Every structure is written in C-alpha cells, then in structure tokens.
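Have a look at structure_18.txt; it's compact mmCIF, C-alpha atoms:
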# COMPACT_ATOMS: atom_id res chain seq x y z
CA MET A 1 0.00 0.00 0.00
CA PHE A 2 2.76 2.43 0.95
CA ARG A 3 4.61 1.53 -2.22
CA ARG A 4 1.54 2.33 -4.39
CA ILE A 5 1.14 5.71 -2.70
CA SER A 6 4.84 6.48 -3.29
CA ILE A 7 4.52 5.61 -6.98
CA ILE A 8 1.41 7.83 -7.37
CA LEU A 9 3.14 10.76 -5.64
CA PHE A 10 6.20 10.28 -7.84
CA LEU A 11 4.05 10.36 -10.99
CA ILE A 12 2.21 13.51 -9.85
CA VAL A 13 5.50 15.32 -9.10
CA SER A 14 6.95 14.19 -12.43
CA ILE A 15 3.91 15.41 -14.39
CA ASN A 16 3.95 18.79 -12.58
CA SER A 17 7.67 19.17 -13.22
CA LEU A 18 7.19 18.37 -16.91
CA ALA A 19 4.32 20.87 -17.17
CA GLN A 20 6.41 23.55 -15.46
CA THR A 21 9.28 22.83 -17.88
CA ASN A 22 6.94 23.20 -20.87
CA ILE A 23 5.64 26.48 -19.44
CA THR A 24 9.06 27.98 -18.91
CA GLU A 25 10.12 27.11 -22.47
CA GLN A 26 7.68 29.72 -23.72
CA LEU A 27 8.31 33.46 -23.69
CA SER A 28 6.99 34.93 -20.44
CA ILE A 29 5.58 38.46 -20.58
CA PHE A 30 4.22 40.96 -18.07
CA LEU A 31 1.49 43.06 -19.67
CA ASP A 32 1.37 46.50 -18.02
CA CYS A 33 -1.61 48.30 -19.57
CA ASN A 34 -4.50 49.96 -17.73
CA VAL A 35 -6.73 50.48 -20.77
CA CYS A 36 -6.24 47.15 -22.58
CA ASP A 37 -8.74 44.28 -22.66
CA ASN A 38 -6.41 41.94 -20.78
CA GLN A 39 -8.84 39.01 -20.85
CA TYR A 40 -9.18 39.18 -24.63
CA ILE A 41 -5.40 39.38 -25.05
CA ARG A 42 -4.79 36.34 -22.83
CA GLN A 43 -7.37 34.35 -24.77
CA ASN A 44 -5.95 35.23 -28.19
CA LEU A 45 -2.19 35.68 -27.77
CA GLY A 46 -0.50 32.30 -27.91
CA ASN A 47 3.12 31.15 -27.73
CA VAL A 48 3.59 33.13 -24.50
CA GLN A 49 3.02 32.77 -20.79
CA PHE A 50 1.64 35.73 -18.85
CA VAL A 51 3.19 36.42 -15.46
CA ARG A 52 1.83 38.52 -12.62
CA ASP A 53 4.88 40.71 -11.91
CA GLN A 54 7.34 42.65 -14.06
CA PHE A 55 10.36 41.05 -12.34
CA LEU A 56 9.23 37.54 -13.30
CA GLY A 57 8.95 37.89 -17.07
CA ASP A 58 11.26 37.80 -20.06
CA VAL A 59 9.53 40.89 -21.45
CA HIS A 60 7.81 43.82 -19.74
CA VAL A 61 5.24 45.27 -22.15
CA PHE A 62 4.58 48.77 -20.80
CA ILE A 63 1.77 50.65 -22.58
CA VAL A 64 0.75 54.27 -21.92
CA THR A 65 -1.95 56.19 -23.77
CA GLN A 66 -3.21 59.71 -24.30
CA ARG A 67 -6.46 61.01 -25.76
CA ASN A 68 -6.01 62.17 -29.35
CA GLY A 69 -7.86 64.60 -31.57
CA ALA A 70 -9.73 61.83 -33.41
CA GLY A 71 -11.62 60.86 -30.27
CA GLY A 72 -9.48 57.78 -29.68
CA ARG A 73 -6.14 57.12 -28.03
CA SER A 74 -2.51 57.35 -29.06
CA TYR A 75 -0.63 54.30 -27.77
CA GLU A 76 3.05 54.12 -26.85
CA ALA A 77 4.07 50.49 -26.27
CA ASP A 78 7.54 49.84 -24.78
CA PHE A 79 8.89 46.31 -25.10
CA ILE A 80 11.49 46.05 -22.34
CA GLY A 81 13.68 42.96 -22.29
CA LYS A 82 14.47 41.28 -18.97
CA LYS A 83 16.90 38.57 -17.87
CA ASP A 84 18.51 37.12 -21.04
CA PHE A 85 16.79 39.73 -23.22
CA GLU A 86 18.04 42.96 -21.64
CA ALA A 87 19.70 43.99 -24.90
CA ILE A 88 16.32 44.15 -26.66
CA ASN A 89 14.40 47.36 -25.96
CA TYR A 90 12.21 49.31 -28.37
CA LYS A 91 8.78 50.89 -28.73
CA LEU A 92 5.84 50.87 -31.12
CA LEU A 93 3.46 53.80 -31.71
CA PHE A 94 -0.09 53.40 -32.98
CA SER A 95 -3.46 55.14 -32.64
CA THR A 96 -7.20 54.53 -32.57
CA ASP A 97 -10.04 56.89 -33.44
CA GLY A 98 -13.52 57.58 -32.10
CA ASN A 99 -15.23 55.57 -34.87
CA MET A 100 -13.58 52.30 -33.88
CA THR A 101 -15.60 49.81 -31.87
CA ARG A 102 -14.26 48.23 -28.70
CA ASP A 103 -13.59 45.03 -30.64
CA GLU A 104 -11.66 46.85 -33.37
CA VAL A 105 -9.54 48.59 -30.72
CA ARG A 106 -8.60 45.37 -28.92
CA GLN A 107 -7.84 43.64 -32.24
CA LEU A 108 -5.46 46.45 -33.15
CA VAL A 109 -3.74 46.27 -29.72
CA LEU A 110 -3.37 42.49 -30.10
CA GLN A 111 -1.92 42.89 -33.60
CA GLN A 112 0.67 45.39 -32.36
CA LEU A 113 1.58 43.13 -29.42
CA LYS A 114 2.25 40.23 -31.79
CA LEU A 115 4.36 42.47 -33.99
CA GLY A 116 6.37 43.74 -31.02
CA LEU A 117 7.08 40.25 -29.66
CA VAL A 118 8.57 38.84 -32.89
CA ARG A 119 12.14 39.81 -32.00
CA PHE A 120 11.79 38.17 -28.58
CA TRP A 121 10.38 34.96 -30.09
CA ILE A 122 13.36 34.86 -32.46
CA ALA A 123 15.80 35.37 -29.57
CA LYS A 124 13.97 32.74 -27.48
CA GLY A 125 14.00 30.27 -30.34
CA THR A 126 10.24 29.63 -30.19
CA THR A 127 9.22 30.62 -33.72
CA ASP A 128 7.77 27.25 -34.80
CA GLN A 129 4.21 28.51 -34.38
CA VAL A 130 4.90 32.09 -35.49
CA THR A 131 3.96 33.31 -38.97
CA VAL A 132 4.28 36.77 -40.46
CA ASN A 133 1.92 37.99 -43.19
CA VAL A 134 2.84 40.96 -45.36
CA PRO A 135 1.04 42.26 -48.45
CA ILE A 136 2.22 41.32 -51.93
CA PRO A 137 4.08 44.26 -53.49
CA GLU A 138 2.04 46.30 -55.91
CA GLU A 139 3.09 48.64 -58.66
CA GLU A 140 4.63 51.79 -57.26
CA LYS A 141 2.20 54.65 -57.21
CA GLU A 142 2.67 58.26 -56.37
CA GLU A 143 1.76 58.76 -52.72
CA VAL A 144 -1.45 60.73 -52.41
CA LYS A 145 -2.29 62.40 -49.15
CA GLU A 146 -5.73 61.28 -47.98
CA ASP A 147 -8.21 64.13 -47.91
CA ASP A 148 -9.96 64.74 -44.58
CA PRO A 149 -13.46 66.11 -45.36
CA TRP A 150 -13.95 67.00 -41.67
CA ASN A 151 -10.66 68.94 -41.46
CA TYR A 152 -9.76 67.38 -38.04
CA TRP A 153 -13.14 68.22 -36.47
CA LEU A 154 -14.73 65.68 -34.12
CA PHE A 155 -18.32 66.03 -32.89
CA ARG A 156 -20.10 64.13 -30.11
CA VAL A 157 -23.70 64.11 -28.93
CA GLY A 158 -24.73 62.29 -25.77
CA ALA A 159 -27.67 61.84 -23.41
CA ASN A 160 -28.41 59.69 -20.40
CA GLY A 161 -31.08 59.36 -17.77
CA PHE A 162 -31.42 57.62 -14.43
CA PHE A 163 -34.76 56.94 -12.74
CA ASN A 164 -35.67 55.11 -9.56
CA GLY A 165 -38.40 55.11 -6.99
CA GLN A 166 -40.29 53.54 -4.12
CA GLU A 167 -43.84 53.93 -2.85
CA GLN A 168 -43.04 57.19 -1.02
CA SER A 169 -40.09 58.54 -2.98
CA SER A 170 -38.80 58.86 -6.53
CA SER A 171 -35.89 60.53 -8.24
CA SER A 172 -34.66 61.27 -11.75
CA ASN A 173 -31.42 62.50 -13.26
CA ILE A 174 -31.23 63.65 -16.89
CA ASN A 175 -28.14 64.86 -18.76
CA PHE A 176 -27.54 66.08 -22.32
CA ASN A 177 -24.20 67.07 -23.81
CA ILE A 178 -22.77 68.21 -27.13
CA SER A 179 -19.10 68.76 -27.95
CA ALA A 180 -17.02 69.92 -30.91
CA ARG A 181 -13.26 69.43 -30.91
CA ARG A 182 -10.43 70.11 -33.33
CA VAL A 183 -6.87 69.09 -32.46
CA THR A 184 -3.74 69.73 -34.54
CA GLU A 185 -0.09 70.17 -33.62
CA LYS A 186 -0.53 73.96 -33.53
CA ASN A 187 -4.02 74.38 -32.16
CA LYS A 188 -6.49 72.64 -29.80
CA PHE A 189 -10.06 73.95 -29.84
CA ASN A 190 -12.84 72.55 -27.69
CA LEU A 191 -16.51 73.47 -27.30
CA PHE A 192 -18.65 71.65 -24.74
CA MET A 193 -22.32 72.17 -23.82
CA ARG A 194 -24.14 70.38 -21.01
CA TYR A 195 -27.62 70.40 -19.50
CA GLY A 196 -28.39 68.47 -16.33
CA GLU A 197 -31.49 68.14 -14.21
CA ASN A 198 -32.04 66.38 -10.86
CA ARG A 199 -35.47 65.93 -9.33
CA SER A 200 -36.37 64.07 -6.12
CA THR A 201 -39.84 63.71 -4.61
CA PHE A 202 -40.58 62.49 -1.08
CA THR A 203 -44.05 61.90 0.38
CA PHE A 204 -44.40 62.60 4.10
CA ASP A 205 -47.68 62.86 6.03
CA GLY A 206 -49.57 63.06 2.76
CA GLU A 207 -47.51 65.96 1.43
CA ASP A 208 -44.93 65.91 -1.37
CA ILE A 209 -41.51 67.43 -0.75
CA VAL A 210 -39.79 68.18 -4.07
CA ALA A 211 -36.08 68.87 -4.52
CA PHE A 212 -35.12 70.25 -7.93
CA ASN A 213 -31.76 71.35 -9.36
CA ASN A 214 -30.71 72.11 -12.88
CA ARG A 215 -27.53 73.36 -14.48
CA LYS A 216 -26.57 74.58 -17.93
CA ARG A 217 -23.04 75.26 -19.06
CA LEU A 218 -21.13 76.14 -22.23
CA ASN A 219 -17.32 76.00 -22.28
CA ILE A 220 -15.18 77.27 -25.15
CA ASN A 221 -11.40 76.78 -24.96
CA ASP A 222 -8.74 77.51 -27.55
CA VAL A 223 -5.09 76.56 -26.97
CA LEU A 224 -2.27 77.52 -29.34
CA SER A 225 1.30 76.20 -29.52
CA ILE A 226 4.29 78.50 -29.35
CA ASN A 227 7.11 75.93 -29.30
CA ASP A 228 8.04 72.63 -27.61
CA HIS A 229 7.73 74.15 -24.11
CA TRP A 230 5.36 77.15 -24.32
CA SER A 231 1.63 77.47 -25.05
CA TYR A 232 -1.07 80.09 -24.60
CA GLY A 233 -4.83 79.88 -24.64
CA PHE A 234 -8.23 81.45 -24.02
CA PHE A 235 -10.85 79.93 -21.72
CA GLY A 236 -14.47 81.06 -21.62
CA SER A 237 -17.68 79.75 -20.06
CA ILE A 238 -21.30 80.75 -19.56
CA GLY A 239 -24.09 79.03 -17.67
CA THR A 240 -26.58 78.75 -14.83
CA SER A 241 -26.85 76.60 -11.70
CA THR A 242 -29.63 76.53 -9.11
CA PHE A 243 -27.39 74.54 -6.75
CA SER A 244 -24.62 77.17 -6.89
CA ASN A 245 -27.03 80.15 -6.78
CA PHE A 246 -26.23 81.34 -10.33
CA ASP A 247 -29.05 82.78 -12.41
CA LEU A 248 -26.30 83.53 -14.92
CA PHE A 249 -22.52 83.53 -14.92
CA TRP A 250 -19.83 83.99 -17.54
CA THR A 251 -16.04 84.03 -17.47
CA PHE A 252 -13.21 84.83 -19.85
CA ARG A 253 -9.58 84.12 -18.90
CA PRO A 254 -6.49 84.17 -21.14
CA ALA A 255 -3.69 81.87 -19.98
CA ILE A 256 -0.08 80.90 -20.61
CA GLU A 257 1.66 77.61 -19.83
CA TYR A 258 5.27 76.40 -19.61
CA SER A 259 6.22 72.72 -19.79
CA PHE A 260 9.51 71.77 -18.12
CA PHE A 261 9.75 68.74 -20.41
CA ASP A 262 9.19 68.63 -24.14
CA TYR A 263 5.45 68.19 -24.83
CA ALA A 264 6.39 65.17 -26.97
CA GLN A 265 7.31 63.29 -23.75
CA SER A 266 3.92 63.89 -22.10
CA ALA A 267 2.83 60.23 -22.27
CA LYS A 268 5.69 59.27 -19.93
CA LYS A 269 6.33 62.43 -17.93
CA GLN A 270 4.96 65.94 -17.72
CA LEU A 271 5.50 68.92 -15.43
CA THR A 272 3.82 72.24 -16.22
CA ILE A 273 3.10 75.61 -14.66
CA SER A 274 0.30 77.84 -15.95
CA TYR A 275 -1.14 81.26 -15.15
CA ARG A 276 -4.66 82.55 -15.92
CA ASN A 277 -6.09 86.03 -15.47
CA GLY A 278 -9.51 87.31 -16.49
CA ILE A 279 -13.00 88.57 -15.74
CA ARG A 280 -16.08 86.92 -14.25
CA TYR A 281 -19.68 88.10 -14.07
CA ASN A 282 -22.18 86.58 -11.61
CA ASP A 283 -25.92 87.22 -11.50
CA TYR A 284 -27.28 85.50 -8.38
CA ILE A 285 -30.66 83.88 -7.78
CA GLU A 286 -30.64 84.98 -4.14
CA ARG A 287 -28.74 87.81 -2.47
CA THR A 288 -25.39 86.47 -1.27
CA VAL A 289 -23.77 86.55 2.16
CA PHE A 290 -21.85 89.59 0.83
CA ASN A 291 -25.17 91.34 0.08
CA GLU A 292 -24.66 91.14 -3.69
CA THR A 293 -27.25 90.38 -6.35
CA ASP A 294 -24.81 90.63 -9.25
CA GLU A 295 -21.17 91.65 -9.67
CA TYR A 296 -18.11 91.76 -11.94
CA LEU A 297 -14.93 90.18 -10.58
CA TRP A 298 -11.31 89.96 -11.68
CA GLU A 299 -9.65 86.67 -10.81
CA HIS A 300 -6.33 85.02 -11.47
CA GLY A 301 -4.78 81.67 -10.73
CA VAL A 302 -1.56 79.67 -10.84
CA GLN A 303 -1.43 75.92 -11.30
CA VAL A 304 1.52 73.51 -11.11
CA GLY A 305 0.87 69.92 -12.15
CA GLY A 306 2.84 66.86 -13.12
CA ARG A 307 2.49 63.18 -13.84
CA ILE A 308 4.82 60.22 -14.37
CA ASN A 309 4.11 56.86 -16.00
CA GLN A 310 7.02 54.46 -15.61
CA GLU A 311 7.71 50.74 -15.14
CA TRP A 312 7.48 51.05 -11.37
CA GLY A 313 4.02 52.63 -11.48
CA SER A 314 2.47 56.06 -11.92
CA ALA A 315 2.06 59.28 -9.99
CA ASN A 316 0.34 62.60 -10.57
CA ALA A 317 0.13 65.70 -8.43
CA GLU A 318 -1.31 69.19 -8.72
CA ILE A 319 -1.26 72.42 -6.72
CA SER A 320 -3.41 75.41 -7.67
CA PHE A 321 -4.08 78.85 -6.23
CA ASN A 322 -6.99 81.10 -7.27
CA GLN A 323 -7.76 84.60 -6.03
CA PHE A 324 -10.14 87.51 -6.62
CA LEU A 325 -8.15 90.69 -7.17
CA GLN A 326 -10.73 93.11 -5.70
CA ASP A 327 -10.33 91.38 -2.32
CA THR A 328 -7.21 89.22 -2.06
CA SER A 329 -8.56 87.54 1.08
CA LEU A 330 -11.03 85.74 -1.20
CA ASN A 331 -8.92 82.86 -2.46
CA SER A 332 -8.63 79.09 -2.62
CA VAL A 333 -5.75 76.62 -2.53
CA ASN A 334 -6.11 73.08 -3.86
CA PHE A 335 -3.78 70.10 -3.46
CA PHE A 336 -4.09 66.73 -5.18
CA LEU A 337 -1.88 63.63 -5.12
CA GLY A 338 -2.43 60.24 -6.67
CA THR A 339 0.07 57.40 -7.01
CA SER A 340 0.27 53.69 -7.63
CA VAL A 341 3.72 52.29 -6.91
CA ARG A 342 5.07 48.77 -7.32
CA LEU A 343 7.51 48.73 -4.38
CA PHE A 344 8.79 45.18 -4.81
CA LYS A 345 7.79 41.87 -6.36
CA GLY A 346 4.07 41.40 -5.97
CA PHE A 347 3.52 44.43 -3.69
CA ASN A 348 1.68 47.54 -4.89
CA PHE A 349 0.89 50.66 -2.87
CA ASN A 350 -1.90 53.06 -3.89
CA VAL A 351 -2.79 56.42 -2.42
CA SER A 352 -4.80 59.40 -3.65
CA GLY A 353 -6.33 62.42 -2.04
CA SER A 354 -7.12 66.09 -2.27
CA TYR A 355 -7.46 68.98 0.14
CA SER A 356 -8.93 72.39 -0.66
CA ILE A 357 -8.96 75.58 1.39
CA THR A 358 -12.02 77.48 0.12
CA ARG A 359 -12.16 81.12 1.15
CA ASN A 360 -13.72 82.33 -2.11
CA GLN A 361 -17.33 81.13 -1.89
CA ILE A 362 -18.86 84.46 -2.91
CA ASN A 363 -21.96 82.79 -4.39
CA ILE A 364 -23.39 81.36 -1.11
CA PRO A 365 -26.96 82.70 -0.53
CA GLY A 366 -27.60 84.85 2.51
CA GLY A 367 -30.19 83.84 5.08
CA ASP A 368 -30.88 80.52 6.75
CA LEU A 369 -31.43 77.21 5.00
CA THR A 370 -34.59 75.25 5.67
CA VAL A 371 -34.27 71.69 6.96
CA GLU A 372 -35.53 70.38 3.61
CA GLU A 373 -32.91 72.37 1.66
CA LEU A 374 -30.17 71.14 3.99
CA LEU A 375 -31.13 67.45 3.89
CA LEU A 376 -31.94 67.38 0.17
CA GLN A 377 -28.77 69.35 -0.74
CA GLN A 378 -30.66 71.84 -2.87
CA GLN A 379 -28.04 74.54 -2.27
CA GLN A 380 -24.30 74.67 -1.87
CA LEU A 381 -23.23 75.02 1.77
CA GLN A 382 -20.53 77.34 3.01
CA SER A 383 -17.37 75.48 4.02
CA GLY A 384 -13.80 76.57 4.69
CA PHE A 385 -12.33 73.31 3.38
CA ASP A 386 -13.08 69.98 1.75
CA TYR A 387 -11.02 66.83 1.31
CA PHE A 388 -10.95 63.18 0.39
CA VAL A 389 -8.33 60.48 1.03
CA SER A 390 -7.99 56.96 -0.32
CA ALA A 391 -5.13 54.57 0.49
CA GLY A 392 -4.48 50.87 0.16
CA PHE A 393 -2.08 48.16 -0.92
CA SER A 394 -2.15 44.78 -2.61
CA TYR A 395 0.24 41.86 -2.41
CA ALA A 396 0.19 38.82 -4.69
CA PHE A 397 2.10 35.60 -4.21
CA GLY A 398 1.88 32.05 -5.53
CA SER A 399 2.11 30.82 -9.11
CA ILE A 400 3.73 33.36 -11.39
CA TYR A 401 1.77 32.18 -14.45
CA ASN A 402 -1.72 33.50 -15.17
CA THR A 403 -2.51 32.58 -18.78
CA VAL A 404 -5.77 30.77 -18.03
CA VAL A 405 -8.94 32.83 -18.45
CA ASN A 406 -12.24 31.60 -17.02
CA PRO A 407 -15.09 34.05 -17.71
CA ARG A 408 -17.89 32.04 -16.03
CA PHE A 409 -20.29 34.03 -13.82
CA ASP A 410 -18.55 37.32 -14.59
CA PHE A 411 -21.94 39.08 -14.83
Show how you would write the structure in this file as structure tokens.
Amino acid sequence: MFRRISIILFLIVSINSLAQTNITEQLSIFLDCNVCDNQYIRQNLGNVQFVRDQFLGDVHVFIVTQRNGAGGRSYEADFIGKKDFEAINYKLLFSTDGNMTRDEVRQLVLQQLKLGLVRFWIAKGTTDQVTVNVPIPEEEKEEVKEDDPWNYWLFRVGANGFFNGQEQSSSSNINFNISARRVTEKNKFNLFMRYGENRSTFTFDGEDIVAFNNRKRLNINDVLSINDHWSYGFFGSIGTSTFSNFDLFWTFRPAIEYSFFDYAQSAKKQLTISYRNGIRYNDYIERTVFNETDEYLWEHGVQVGGRINQEWGSANAEISFNQFLQDTSLNSVNFFLGTSVRLFKGFNFNVSGSYSITRNQINIPGGDLTVEELLLQQQQLQSGFDYFVSAGFSYAFGSIYNTVVNPRFDF
C-alpha cells in the first residue's frame, strides 16, 4: 500500500515538473496596460506565458496612452527585455479613433503586441508557431495624401437618464451634452455644452416634498502652440446653476503655460506651470452673504501639475491657487496627489487624495437654509475646506503564471 502511494506521488510530481518545464520554455511576458482588454489578449495571444509581476517575465510590455484629436487614443508600447533579453528594448506607436468599436480597438492592440514580440520569439527560439503575413508588393504609385473632409473636427452628442423610486419617494437624473473638438499640432479647440437636471420627490404625512436642481453650461477653450515648451490659450464659459445660486454667470480668462519637459514626452512624464487672469460676471438667484445680487470680478490663478508613467508605477500631483483681485482675502488653494507604486515583487501601494482651502465662496446665498434644503442638498453650503483620502495596498504571491482565463459568472 505504501509503495503504491509512493509511486502515485512520484508520478504527480513528475507530471507537474514536466508541465512547469513546458511552461518555462515559452516566452513569459508581463502586460502592463491599464486600458487594454487583458482578458481578450490572454485568450488570443499564444506562444507566451503571462506572469503577474514585471520582475518575473522575459519581457515587460509597458503601454501608456493619451487622448487624441480623433476621439481615440494614441498608444506608446515599450517592449522592455528582462533577464537574457536585456539587450532588446524598443517601442511601437499606434493610434485609434472615435469611430472604432471596442472590438476593433482590442484587435489592433493584439496585432501590435504580436508584432512587437517577434524579435523576442526569435531570440527565445520559439518561432515554430509564429507566422508573419505581409502584403504582396504592388506597382509603385505616387503617394497621395488622404483628404480629410472633416478637417480634423470631431463632434459628439450624448444623453443619459437615471430613474428610480419607491412607494413614497422617486428621483430622476437627466443629462444632455454636445461637444465639438479640433486638435492639430498647432491648435487645440474645444466646445462643450451640457444640460443636467435632478429631481427628487418624497411623500411625508400626505404631502410631497420636491427637490429640484438644474444646471446649464457652455465652455469654449482655444489653446495655441508657441514651441516645444510654451503654449497660450483662451478659456471662456457661460451658464446657470440653481445649486450654486447662479441665475447667470460667464467668465473669460487668457492663460499661458510652460512645460519643463518637451510636450512630446507627455505620455511618460509631464510637469507644467500655468497662469490665468480674467474677468467673471455673476448674477445670483438669491442675495449672497456679501449682500450682492450681481457683480463683476477679476480673478487670477496659478497651477503647477505633473504626472509620471514608468515601469514602477504612476504618480500625478497638482497644486493650484486662485484669487479675486478686488479682495485678495477671497482665495482658494487646492492640493491633489495620486500614485500607484510597485515597491517590490508582488507588492503595490496606492494612495490618492485632495485637500482644498475654500475662502472664495462668494456665491453662497444669505439667510438661513430650511431643513428640507439642507437634507436634500438643494443649495451649496458654506465650508472653509473639503477633502478626500484613499489609500491601500495589494500583495500577490503564488504561481507566477496567469494565462488561463475563465469568464464564467462574470456578470
């Protein structure tokens, strides 16, 4: 009996060892992409083994993206060799547009991944199952630049609604938005319009208590390039908001920005400082705590912001200061920090938070709030500060291979 058990254990260990050997013969990759369909890639990219940490793979595929003027994303994929492949390092650039479906996007990402891994498969010596298809050469033709009938313009229209209710309460939220955007190397123009409406109804002692807020806003921004480090722009807005006590408001603020790094490096690292100065007009629904029904204000602001996307993780931070020039005591200071850092194998630390000192709430209505207005948040409340903090960590250990995908009961 003991001998049979020993034989069975020996066979199990031998089979596991053989399976592990077969696994390690394949190219192991760590896919580091926050916007990719990782499940689809694992199901359709063969001849590789996916590992759960960048220090465990033969290749670290590090992908960062930025929104582009076509309504899609510009991808920068770094293929970073590890272990025996440290001499192989290069990147691929490709883009999507707003007309592409989610399936077309993930197919394109998969195609580029396959293309980028060819050199590693050759170095690994696992090209038996790899084929490369290229088009048959055609007769040489004079290159003709494709005409863009829209001249770089991208338009979007959107609407959504949310409705829920019980026997004694109901609520609805409706939003409409329209945008027009044109992005070139020299100019970035954006127009955005939004209408939103919130309505909540509560029945108490046979009476209906109704909370209603709506907001309308139009933003027009135009940013122009000066060189690789300098830009200037114009920022305007007009709108209304019952929550913020605005029967009407409009602003116009020119601005200038300096980038400490070349704008071309913004996908990986960016550090900028900007200054805005302009005029604001407020027409209030109710007289404010400063006894104003309408007023013109001059305001200016400075903002310093930066972000980093690297192999070890990502971080972004921002500090801004805004002030009304008629009364410099009316100002606000805002701090934001967000980071996700891979400290060591399998361990990730995440923290984000913001803190704002708000001494510029000139729009707060005078007088006392009713209990209903307070509980239903029909009006903005006066506050000297606001904040949020989020922190956490994750640690993974165990098998380094994670190729298997099981989508059952994912809904």
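All residues of protein, DNA or RNA that reach within 7 Å of Phe336 (chain A), judged by all atoms listed in the file and not counting those fewer than 2 positions away in the chain, are Ala317, Glu318, Ile319, Asn334, Gly338, Gly353, Ser354 and Tyr355 of chain A.
CA of Val333 (chain A) to CA of Met193 (chain A) spans 27.3 Å [interatomic distance, one decimal].
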Practice task
Select all residues near (-0.1, 55.9, -33.6) (cut-off 9 Å, inclusive, file coordinates), counting all atoms listed in the file, and output them as a PyMOL selection string.
Solution key: chain A and resi 73-76+92-96
What would the file look like if the residues just selected were written as a JSON list (two decimals), keeping the file's coordinate frame with C-alpha atoms?
[["chain", "number", "residue", "atom", "x", "y", "z"],
["A", 73, "ARG", "CA", -6.14, 57.12, -28.03],
["A", 74, "SER", "CA", -2.51, 57.35, -29.06],
["A", 75, "TYR", "CA", -0.63, 54.30, -27.77],
["A", 76, "GLU", "CA", 3.05, 54.12, -26.85],
["A", 92, "LEU", "CA", 5.84, 50.87, -31.12],
["A", 93, "LEU", "CA", 3.46, 53.80, -31.71],
["A", 94, "PHE", "CA", -0.09, 53.40, -32.98],
["A", 95, "SER", "CA", -3.46, 55.14, -32.64],
["A", 96, "THR", "CA", -7.20, 54.53, -32.57]]
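Between CA of Phe85 (chain A) and CA of Ile122 (chain A) lies a distance of 11.0 Å.
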Exercise for the section: Identify, on the basis of all atoms listed in the file, every residue whose closest approach to region 243-257 of chain A does not exceed 8 Å; exclude the query and any residue fewer than 3 positions from it along the same chain; express the result as JSON, numbers by chain. Expected result: {"A": [213, 214, 215, 230, 231, 232, 233, 234, 235, 236, 237, 238, 239, 240, 272, 273, 274, 275, 276, 277, 278, 279, 280, 281, 282, 283, 284, 285, 286, 363, 364, 365, 378, 379, 380]}
Practice task
Could you please give me, as a PyMOL selection string, the residues of protein, DNA or RNA lying at most 12 Å from (-41.0, 54.3, 2.4) in the coordinate frame of the file, considering only C-alpha atoms?
Solution key: chain A and resi 165-170+201-205
Handout entry: Surrounding residues of region 384-395 of chain A excluding itself and chain neighbours under 6 positions, 7 Å, only C-alpha atoms, as number ranges by chain
Key = A: 346-359
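Minimum atom-to-atom distances from A:Phe290, A:Phe397, A:Trp153, A:Phe344 to Asn360 (chain A) were compared using all atoms listed in the file, and the lowest value belongs to A:Phe290.
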Per-residue nearest contacts of region 219-298 of chain A to region 66-71 of chain A (12 Å; all atoms listed in the file) as a tab-separated table:
residue	atom	partner	partner_atom	distance
A:Ala264	CA	A:Gln66	CA	11.4
A:Gln265	CA	A:Gln66	CA	11.1
A:Ser266	CA	A:Gln66	CA	8.6
A:Ala267	CA	A:Gln66	CA	6.4
A:Lys268	CA	A:Gln66	CA	9.9
A:Lys269	CA	A:Gln66	CA	11.8
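Take CA of Ile41 (chain A) and CA of Asp103 (chain A): the distance between them is 11.4 Å.
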Exercise for the section: Write out as a PyMOL selection string which residues come within 10 Å of Asn164 (chain A) when counting all atoms listed in the file, dropping same-chain ones fewer than 6 positions away. Expected result: chain A and resi 170-173+200
Exercise for the section: Compile the contact shell of Ile174 (chain A) as a PyMOL selection string: residues with an atom at most 10 Å away, counting all atoms listed in the file, same-chain residues fewer than 3 positions apart removed. Expected result: chain A and resi 159-163+195-199+214
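Ranking A:His60, A:His300, A:His229, A:Arg217 by their shortest atom-to-atom distance to Phe260 (chain A), with only C-alpha atoms included, puts A:His229 first.
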Exercise for the section: Check the smallest atom-to-atom distance from each of A:Glu295, A:Asp53, A:Glu185, A:Glu86 to Glu311 (chain A) using only C-alpha atoms, then report the winner. Expected result: A:Asp53
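Distance annotation: of A:Phe30, A:Gln39, A:Thr131, A:Arg182, the residue with the minimal separation from Trp150 (chain A) is A:Arg182; atom set is all atoms listed in the file.
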